[in-house]
Amino acid sequence: MPMKRRKILVILILFTMGWVSLSGASVDSIPIMKSLLGRNLSPDIRLRYLTKICVSFWNTNPDSSIWYGSQGIALFNEKVSPVRIGKHSFAYGMAWENKGKHDSALFYLRKAEEVCMSAGDTFFAFRAIEQSGSLYRIMGRYDTALTIMIRTLEYFKKKGDKFQSMSALFNIGSVYLEQNRYSKALEYYIESASYDSLLGDKSARAAHLLGIGNVYLSLGELFANTDHDKSGNYLNMAENYFRQSLPLFETVNMKTGYCFACMSLLSVIVASHHLPQADSLLKTCRDCRDFPDPRVQSGFKICLAQMDFMLGNEKDAMRMLREISCEKGEIRVLPEFHKSMLLYARLIWNAGKRDSALTLAQKSIQWARHHSVTTIAIEGLDMVAGWEKTLGRYDTAFNLLLVSRQYRDTLNREISKEIFDQIELRYRSEILQARVNEMAITQKYDRGRLFLTYFVAILIILVLGIILITFLLRHRSDNIKRLLSEERARFAENGKRLMKVEIQNIQLEKLLKEEELKKMQLEIKLREQELVYQTIVNADLNQKNLTFAQKLGHFRLRMPRKKDQDEFSQTLADVGRESKSDPMQQFDLLFKQMHAGFIDKLLEVCPDLSKTELQICALLRLNLSSKDISQLINITPASIDGTRHRIRKKLDIEQNTSLTSYLMSLK
């Protein structure tokens with residue numbers, strides 16, 4: 001919120017692993033090429049140098065990358081080969097992508113695809129297609145992105161290009177992760193990671209650890225409110241993967257990847273509510289907080305805002321979230337941004353800016369519904385429904401809760417289909433390790449076979465032996481896979497049943513709590529009405545008795561006997577004394593029993609309130625009008641209004657805020 005980092009990792013892995021394959025130039029050769037540009041070179045050679053320089057600035061200086069790219073675009077009308085035009089269009093499109101200008105990036109990537117395909121350079125044509133898919137993913141067009149990426153994956157696998165196959169698999173996993181399809185994301189990340197041992201690329205290994213860790217982080221956040229044990233296990237697994245990636249990023253000197261890993265690790269620690277540990281990590285990663293990439297800076301800001309909110313520092317959290325809300329570019333299309341905006345809306349609501357809070361929350365809800373980010377949609381709908389209920393718009397609140405329930409049911413169905421327990425995750429990891437070992441053995445065998453070709457006789461014997469062993473191993477492997485498939489299916493079925501029972505129990509418990517709450521609220525309302533009625537009756541009775549006593553006083557002298565006159569006078573005196581008793585004394589006693597702590601809370605806010613003002617506050621808390629209050633405490637309605645004005649001044653209540661609503665909100 002979580003920052004919860006992360007789903008821009010596809011760009012990270014492409015930049016950490018792939019740019020050298022395009023440029024073919026070392027960093028040290030860049031100054032030499034810059035100096036050569038000043039000489040009289042052919043347009044084809046000049047365009048080649050500009051392409052390499054454009055690529056070299058992708059990560060470090062996007063503005064310089066775009067400038068050198070534009071210099072190359074000006075050479076397209078010169079005598080240069082179509083292949084050079086296609087490669088430069090690809091480099092220039094990637095420069096715009098790193099700058100966050102998606103439309104410009106997509107335009108040049110499409111041009112690169114068209115030119116390279118026409119020139120017969122299908123490799124770079126599909127590289128451009130793959131990057132177009134990455135852009136569609138960033139823009140939230142997931143179906144289009146998946147179609148394009150699966151097409152590129154099939155092509156690179158057919159060509160036997162392990163590096164690009166690994167990149168395409170990672171891209172597809174990132175799309176599924178943003179769609180909250182965690183098992184599919186993990187499946188493609190694991191398959192992508194299976195190439196690590198073959199390629200020996202530490203930066204790729206670090207990126208895979210980071211991607212798999214983000215899947216477990218998402219799972220931990222998903223179960224945070226339903227299953228704390230499962231959530232804790234997933235968060236621990238995510239933390240382990242992030243900590244493994246940090247030294248690898250340091251080894252390859254990949255500052256961007258290292259800062260992304262620090263940001264993701266901080267998200268895990270904050271999600272686990274280990275705030276002292278989070279403070280320690282912030283001190284360790286102080287340089288990353290100032291890293292020029294806006295995604296990293298915003299990620300740390302979101303984490304800091306969450307920490308301030310957990311510690312009760314709402315003003316600091318609002319200040320941080322206000323800065324995040326002004327961010328532009330790729331950060332605004334990430335789920336983490338809109339989740340942080342929901343927190344910002346909550347804080348704005350608490351500060352009394354209700355219209356602004358509703359507008360901000362509705363924007364994030366609309367984004368989440370449009371991009372099918374179910375978890376954010378549910379959180380936002382529930383929050384706004386509560387606000388609408390507070391404002392008295394019960395129909396709107398009810399409709400929002402219905403939509404939220406539909407999304408929650410959809411999410412539960414997705415969980416039952418997609419999420420699998422730790423046993424199955426551990427089992428998949430074991431399969432991955434076995435597959436990596438098998439691929440490593442195959443690679444060693446291929447190298448040895450090349451050497452043994454010089455010994456024809458020995459080679460024939462070895463081939464026959466290897467064929468026999470391979471047949472036996474394959475037969476054994478098929479049996480093991482069949483047994484494991486049956487076991488996995490049984491685990492999945494059991495997990496689905498347990499999840500269904502768990503969801504039913506949660507729903508039943510929620511209904512019982514709601515019924516109990518309604519019953520308590522009704523009982524309190526009846527007691528309040530009974531208290532007000534009894535107090536009014538006592539006050540009215542006292543007034544009538546006092547009136548009767550005054551009217552009957554003249555009849556005493558009409559009695560002939562002195563004894564009767566004395567007894568009659570004593571009786572009238574008793575009636576008058578009882579009529580002068582204060583009915584509010586009994587009201588104060590019963591009100592304190594029903595609303596324990598209200599008077600203390602009121603005096604805590606404003607100790608200067610008088611006894612009469614406290615009584616009027618208590619009667620307003622019961623939602624009585626000034627006329628009813630004047631009847632109870634024998635004060636004119638005009639005096640009541642004056643007292644209400646003094647109370648508002650003492651409590652420092654804004655003019656547009658109802659005094660009755662304020663008093664009813666005090667607990």
# chains A, B, ... in the order shown; residues from 1 in each chain; ligands from 1

$ residues_around --residues "Asp608 (chain A)" --least-positions-apart "2" --cutoff "12 Å" --atoms "only C-alpha atoms" --output "PyMOL selection string"
chain A and resi 602-606+610-614+646-647+649-651

$ select_by_dssp --residues "region 211-418 of chain A" --states "alpha helix (DSSP H)" --output "PyMOL selection string"
chain A and resi 211-222+228-251+255-271+275-284+286-289+294-310+314-325+335-350+354-370+374-390+394-418

$ closest_residue --among "A:Lys353, A:Arg346, A:His338, A:Arg39" --to "Ile376 (chain A)" --atoms "only C-alpha atoms"
A:His338

$ residues_around --residues "Ser665 (chain A)" --least-positions-apart "2" --cutoff "12 Å" --atoms "only C-alpha atoms" --output "PyMOL selection string"
chain A and resi 390+598+601-602+620-623+657-663+667

$ atom_distance --atom1 "CA of Ile66 (chain A)" --atom2 "CA of Ala95 (chain A)"
5.8 Å

$ residues_around --residues "Phe170 (chain A)" --least-positions-apart "6" --cutoff "8 Å" --atoms "only C-alpha atoms" --output "PDB file with N, CA and C atoms, in the first residue's frame"
ATOM      1  N   VAL A  10       8.540  -5.530 -15.005  1.00  0.00           N
ATOM      2  CA  VAL A  10       8.851  -5.966 -16.364  1.00  0.00           C
ATOM      3  C   VAL A  10       9.843  -5.021 -17.015  1.00  0.00           C
ATOM      4  N   TYR A 188       4.371 -18.568 -14.318  1.00  0.00           N
ATOM      5  CA  TYR A 188       5.244 -18.014 -15.355  1.00  0.00           C
ATOM      6  C   TYR A 188       6.552 -17.489 -14.774  1.00  0.00           C
ATOM      7  N   TYR A 189       6.526 -16.933 -13.568  1.00  0.00           N
ATOM      8  CA  TYR A 189       7.773 -16.498 -12.945  1.00  0.00           C
ATOM      9  C   TYR A 189       8.700 -17.687 -12.708  1.00  0.00           C
ATOM     10  N   SER A 192      10.120 -18.854 -15.955  1.00  0.00           N
ATOM     11  CA  SER A 192      11.153 -17.910 -16.377  1.00  0.00           C
ATOM     12  C   SER A 192      12.438 -18.107 -15.576  1.00  0.00           C
ATOM     13  N   HIS A 208      14.056 -12.339 -10.790  1.00  0.00           N
ATOM     14  CA  HIS A 208      13.103 -13.426 -10.553  1.00  0.00           C
ATOM     15  C   HIS A 208      12.765 -13.544  -9.065  1.00  0.00           C
TER      16      HIS A 208
END

$ residues_around --residues "region 395-397 of chain A" --least-positions-apart "3" --cutoff "10 Å" --atoms "only C-alpha atoms" --output "list of chain:residue names"
A:Leu381, A:Asp382, A:Met383, A:Val384, A:Ala385, A:Gly386, A:Trp387, A:Glu388, A:Lys389, A:Thr390, A:Leu391, A:Gly392, A:Leu400, A:Leu401, A:Leu402
